[in-house]
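Heads up: the structure comes next, in structure tokens.
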Amino acid sequence: MPKVERPRGTRDFKPEEMGKRRALEERFRASFASYGYREVATPTFEHTDLFEMKSGEGVKQQIYHFKDKGDRDLALRPELTAPVLRFYVNELSREPKPLKLFYFGPCFRYEEPQKGRYREFWQFGLELIGPSGPEADAEAIGVAHAALSATGLKNFHLHVGHIGVLRALVAATGLAGKDAGEIFRRIDKDDRGLEDFLAERKVDARLAGAIAAVATHKRRLVLGDEEGAPRAVEEYFAEALTAVKPGVSTEVFRGVEANIARLKEMLGYLATYGVGSLEMDLGVARGLDYYTGVVFEFEAPELGAEKQIGGGGAYALAELFGGEPVGSVGFGLGFDRILLALEKEGRAPAVPPAVELYIAALTDAARVAALELASALRKEGLRVDVDLMRRKLAKNLDYASGLGAPFVAILGEKELAQGIATLRNMKSGEQREVKLAELARAIRGK
Ligand code: HAM
């Protein structure tokens, strides 16, 4: 019979891998909880409409969707912001604000698989619903940064932009639909053909100049009171305003000014979350189309092509799903990529051995005693395994060593008669006799 392979772009996880993943999950959960976020879960599949409403018909190219037996058009979720906002509009809108929610779960995208890019992958994410000021923006970016730092990851960069600024400029061109989408795409990809495209579409040269200038206006900024830092921040934004002014009406300019003032205020708060520096980049447009305000991305440069480990921003979705408008900002973190980046840095979580004690019986008579001893020690909170294959001692020791068990308890005739076990320290090879009642303490080293 031919073997059944797993579907393209999916993975199986060995126990060691799962150990690392669970340990990493713990770090994220603890981090989000420390900021008062609570976990929610939504279904893995949704009505396809939910994702089409947010991203248009084109999204069908990128997702798994199918008809079920009741002729419903369903889709495996490609992300969780739309599901969480659907949940919010339908059931949580009366909850006290701010509503601080986080989630963890598998997402599915129909992509060309490669290292770090899968058809099934896991996201940790968070949505802050209610507030819409610069404090909320700073909180979302700050919590993402803190959670990434709490994983132990060192080499990652934060890029921050403002889609509201870009939208105002693109709206001023009078272009909409596909043409506007193309402008955003070219801005996001740092496409050199942006200016040619604007010229072809007969966009006023000064406005086109302003768009091109903003799209490429990026600089690493240090936050906090360090010598020269506040002045560099002021300069960066002043230059952005100078680039925009000649190309737009007073009204558009005022809008850009207000967004930039808000960004500056946000940077002031961000330092308190431990963000020491960031790349300010007004050309960050993000692929997803529901963002309205601040947008941000995290990159782990060592990952190469798939270096984006997270992203998010402020967005408006509640009204799209039939609710009242509400402030909302959040992010999604690529769990698999973060683990890959940690491995590259040699900082993946250490996984404790599967068992703390392995028990080997030397005789048939000792088998029941071994099982009883295992039960008693498990009740004391130890992780214990017992030989189930009637193996000889040498084989049992090999197996226990393969499991990484730090101790093996050996039970034979003599041990049964005296109510003891021979306890072998697997690291040193030293063996000593220990009363059964004292085994737990001996293993814990107390
Ligand atoms: P996203 O940028 O599409 O944002 O995805 C977030 C992260 O998921 C990415 O930065 C990347 O690390 C990871 N990711 C995406 N696709 C794959 C893949 N095929 N394989 C492995 N990892 C992948 C969102 O999903 C938004 N919902 C974020 C958000 C939340 N915005 C507001 N709230």
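Going through the structure tokens in order, the chains are called A, B, and so on, while each chain numbers its residues from 1 and the ligands are numbered from 1 in the order shown.
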
Selection: 9 Å around stretch 139-149 of chain A, only C-alpha atoms, excl. self and same-chain fewer than 6 positions, as a PyMOL selection string: chain A and resi 27-32+35+125-128+156+158+160+269-275+296+298+310-314+329-333+338

List as a Markdown table every residue of chain A that is in contact with ligand 1, defined as an atom at most 9 Å from one of its atoms (using only C-alpha atoms and all ligand atoms), together with the nearest atom pair and the distance in Å rounded to one decimal, sorted by chain and then rising number.
```
| residue | atom | partner | partner_atom_place_in_ligand_line | distance |
| --- | --- | --- | --- | --- |
| A:Gly9 | CA | ligand 1 | 19 (N) | 8.5 |
| A:Pro78 | CA | ligand 1 | 25 (O) | 7.1 |
| A:Glu79 | CA | ligand 1 | 25 (O) | 4.6 |
| A:Leu80 | CA | ligand 1 | 27 (N) | 5.5 |
| A:Thr81 | CA | ligand 1 | 27 (N) | 4.6 |
| A:Ala82 | CA | ligand 1 | 27 (N) | 7.3 |
| A:Cys107 | CA | ligand 1 | 17 (C) | 8.0 |
| A:Phe108 | CA | ligand 1 | 19 (N) | 7.2 |
| A:Arg109 | CA | ligand 1 | 19 (N) | 5.8 |
| A:Tyr110 | CA | ligand 1 | 19 (N) | 7.7 |
| A:Glu111 | CA | ligand 1 | 19 (N) | 6.2 |
| A:Glu112 | CA | ligand 1 | 19 (N) | 8.2 |
| A:Pro113 | CA | ligand 1 | 19 (N) | 7.3 |
| A:Gln114 | CA | ligand 1 | 20 (N) | 8.6 |
| A:Lys115 | CA | ligand 1 | 20 (N) | 8.6 |
| A:Gly116 | CA | ligand 1 | 21 (C) | 5.4 |
| A:Arg117 | CA | ligand 1 | 20 (N) | 3.6 |
| A:Tyr118 | CA | ligand 1 | 20 (N) | 4.1 |
| A:Arg119 | CA | ligand 1 | 19 (N) | 5.4 |
| A:Glu120 | CA | ligand 1 | 20 (N) | 6.8 |
| A:Phe121 | CA | ligand 1 | 21 (C) | 5.0 |
| A:Trp122 | CA | ligand 1 | 22 (N) | 6.9 |
| A:Gln123 | CA | ligand 1 | 8 (O) | 5.9 |
| A:Phe124 | CA | ligand 1 | 8 (O) | 8.3 |
| A:Gly125 | CA | ligand 1 | 30 (C) | 6.0 |
| A:Leu126 | CA | ligand 1 | 30 (C) | 6.3 |
| A:Glu127 | CA | ligand 1 | 33 (N) | 5.7 |
| A:Leu128 | CA | ligand 1 | 33 (N) | 8.5 |
| A:Arg286 | CA | ligand 1 | 2 (O) | 7.2 |
| A:Gly287 | CA | ligand 1 | 3 (O) | 7.1 |
| A:Leu288 | CA | ligand 1 | 3 (O) | 6.6 |
| A:Tyr290 | CA | ligand 1 | 31 (N) | 8.6 |
| A:Tyr291 | CA | ligand 1 | 32 (C) | 7.7 |
| A:Val295 | CA | ligand 1 | 31 (N) | 8.5 |
| A:Glu297 | CA | ligand 1 | 10 (O) | 6.9 |
| A:Phe298 | CA | ligand 1 | 10 (O) | 7.1 |
| A:Glu299 | CA | ligand 1 | 10 (O) | 8.0 |
| A:Glu306 | CA | ligand 1 | 12 (O) | 7.7 |
| A:Lys307 | CA | ligand 1 | 12 (O) | 7.5 |
| A:Gln308 | CA | ligand 1 | 10 (O) | 4.7 |
| A:Ile309 | CA | ligand 1 | 12 (O) | 3.5 |
| A:Gly310 | CA | ligand 1 | 10 (O) | 3.2 |
| A:Gly311 | CA | ligand 1 | 2 (O) | 4.7 |
| A:Gly312 | CA | ligand 1 | 31 (N) | 3.7 |
| A:Gly313 | CA | ligand 1 | 32 (C) | 5.2 |
| A:Ala314 | CA | ligand 1 | 32 (C) | 6.6 |
| A:Tyr315 | CA | ligand 1 | 32 (C) | 6.8 |
| A:Ser328 | CA | ligand 1 | 32 (C) | 8.1 |
| A:Val329 | CA | ligand 1 | 32 (C) | 5.8 |
| A:Gly330 | CA | ligand 1 | 33 (N) | 3.5 |
| A:Phe331 | CA | ligand 1 | 30 (C) | 3.4 |
| A:Gly332 | CA | ligand 1 | 28 (C) | 3.9 |
| A:Leu333 | CA | ligand 1 | 7 (C) | 4.6 |
| A:Gly334 | CA | ligand 1 | 12 (O) | 3.3 |
| A:Phe335 | CA | ligand 1 | 12 (O) | 6.9 |
| A:Asp336 | CA | ligand 1 | 21 (C) | 6.2 |
| A:Arg337 | CA | ligand 1 | 12 (O) | 6.0 |
| A:Ile338 | CA | ligand 1 | 12 (O) | 7.5 |
```

Strand (DSSP E) residues, from DSSP on the backbone, in stretch 112-247 of chain A, as a PyMOL selection string: chain A and resi 120-130+157-162+218-222

Interatomic distance (Å, one decimal) between atom CA of A:Thr216 and atom CA of A:Arg185: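 Computing it gives 13.4 Å between the two atoms.
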
Pairwise distance for atom CA of A:Phe407 and atom CA of A:Leu423, rounded to one decimal in Å: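 Computing it gives 6.7 Å between the two atoms.
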
Computed interatomic separation between atom CA of A:Lys3 and atom CA of A:Ile63 (Å):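 Atom CA of A:Ile63 lies at a distance of 27.1 Å from atom CA of A:Lys3.
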
For A:Tyr103, the nearest of the candidates A:Asp49, A:Glu91, A:Glu25, A:Asp73, counting only C-alpha atoms: A:Glu25

Selection near A:Val203, 12 Å with only C-alpha atoms, sequence-local residues under 2 positions removed, as a list in words: Leu169, Val170, Ala171, Ala172, Thr173, Gly174, Leu175, Asp179, Ala180, Ile183, Leu194, Glu195, Asp196, Phe197, Leu198, Ala199, Glu200, Arg201, Ala205, Arg206, Leu207, Ala208, Gly209, Ala210, Ile211, Ala212, Gly247 and Val248 of chain A

Residues flagged alpha helix (DSSP H) by DSSP in stretch 47-267 of chain A, as a VMD selection string: chain A and resid 48 to 55 81 to 87 134 to 150 163 to 172 177 to 188 194 to 200 205 to 215 229 to 244 250 to 267

Selection: 8 Å around A:Gly404, only C-alpha atoms, excl. self and same-chain fewer than 3 positions, as a PDB file with all heavy atoms, in the first residue's frame:
```pdb
ATOM      1  N   PRO A 353      12.815  17.067  30.833  1.00  0.00           N
ATOM      2  CA  PRO A 353      12.682  15.684  30.377  1.00  0.00           C
ATOM      3  C   PRO A 353      11.265  15.167  30.588  1.00  0.00           C
ATOM      4  O   PRO A 353      10.561  15.626  31.498  1.00  0.00           O
ATOM      5  CB  PRO A 353      13.675  14.913  31.245  1.00  0.00           C
ATOM      6  CG  PRO A 353      14.070  15.820  32.340  1.00  0.00           C
ATOM      7  CD  PRO A 353      13.798  17.219  31.910  1.00  0.00           C
ATOM      8  N   ALA A 354      10.861  14.217  29.721  1.00  0.00           N
ATOM      9  CA  ALA A 354       9.482  13.713  29.784  1.00  0.00           C
ATOM     10  C   ALA A 354       9.176  13.125  31.151  1.00  0.00           C
ATOM     11  O   ALA A 354       8.083  13.303  31.672  1.00  0.00           O
ATOM     12  CB  ALA A 354       9.279  12.656  28.700  1.00  0.00           C
ATOM     13  N   VAL A 355      10.149  12.421  31.732  1.00  0.00           N
ATOM     14  CA  VAL A 355       9.890  11.854  33.066  1.00  0.00           C
ATOM     15  C   VAL A 355      11.042  12.181  34.006  1.00  0.00           C
ATOM     16  O   VAL A 355      12.187  12.342  33.586  1.00  0.00           O
ATOM     17  CB  VAL A 355       9.697  10.313  33.018  1.00  0.00           C
ATOM     18  CG1 VAL A 355       8.415   9.949  32.323  1.00  0.00           C
ATOM     19  CG2 VAL A 355      10.878   9.608  32.394  1.00  0.00           C
ATOM     20  N   ALA A 400      15.655   4.658  29.219  1.00  0.00           N
ATOM     21  CA  ALA A 400      15.492   5.770  30.172  1.00  0.00           C
ATOM     22  C   ALA A 400      16.443   6.911  29.824  1.00  0.00           C
ATOM     23  O   ALA A 400      16.079   8.087  29.905  1.00  0.00           O
ATOM     24  CB  ALA A 400      15.738   5.279  31.595  1.00  0.00           C
ATOM     25  N   SER A 401      17.632   6.543  29.398  1.00  0.00           N
ATOM     26  CA  SER A 401      18.599   7.585  29.050  1.00  0.00           C
ATOM     27  C   SER A 401      18.124   8.332  27.798  1.00  0.00           C
ATOM     28  O   SER A 401      18.224   9.556  27.716  1.00  0.00           O
ATOM     29  CB  SER A 401      19.960   6.913  28.890  1.00  0.00           C
ATOM     30  OG  SER A 401      20.715   7.574  27.954  1.00  0.00           O
TER      31      SER A 401
END
```

A:Leu241 environment, 12 Å, only C-alpha atoms, sequence neighbours closer than 2 positions dropped, as a PyMOL selection string: chain A and resi 165+210-211+213-214+217+234-239+243-248+250+252-261+282
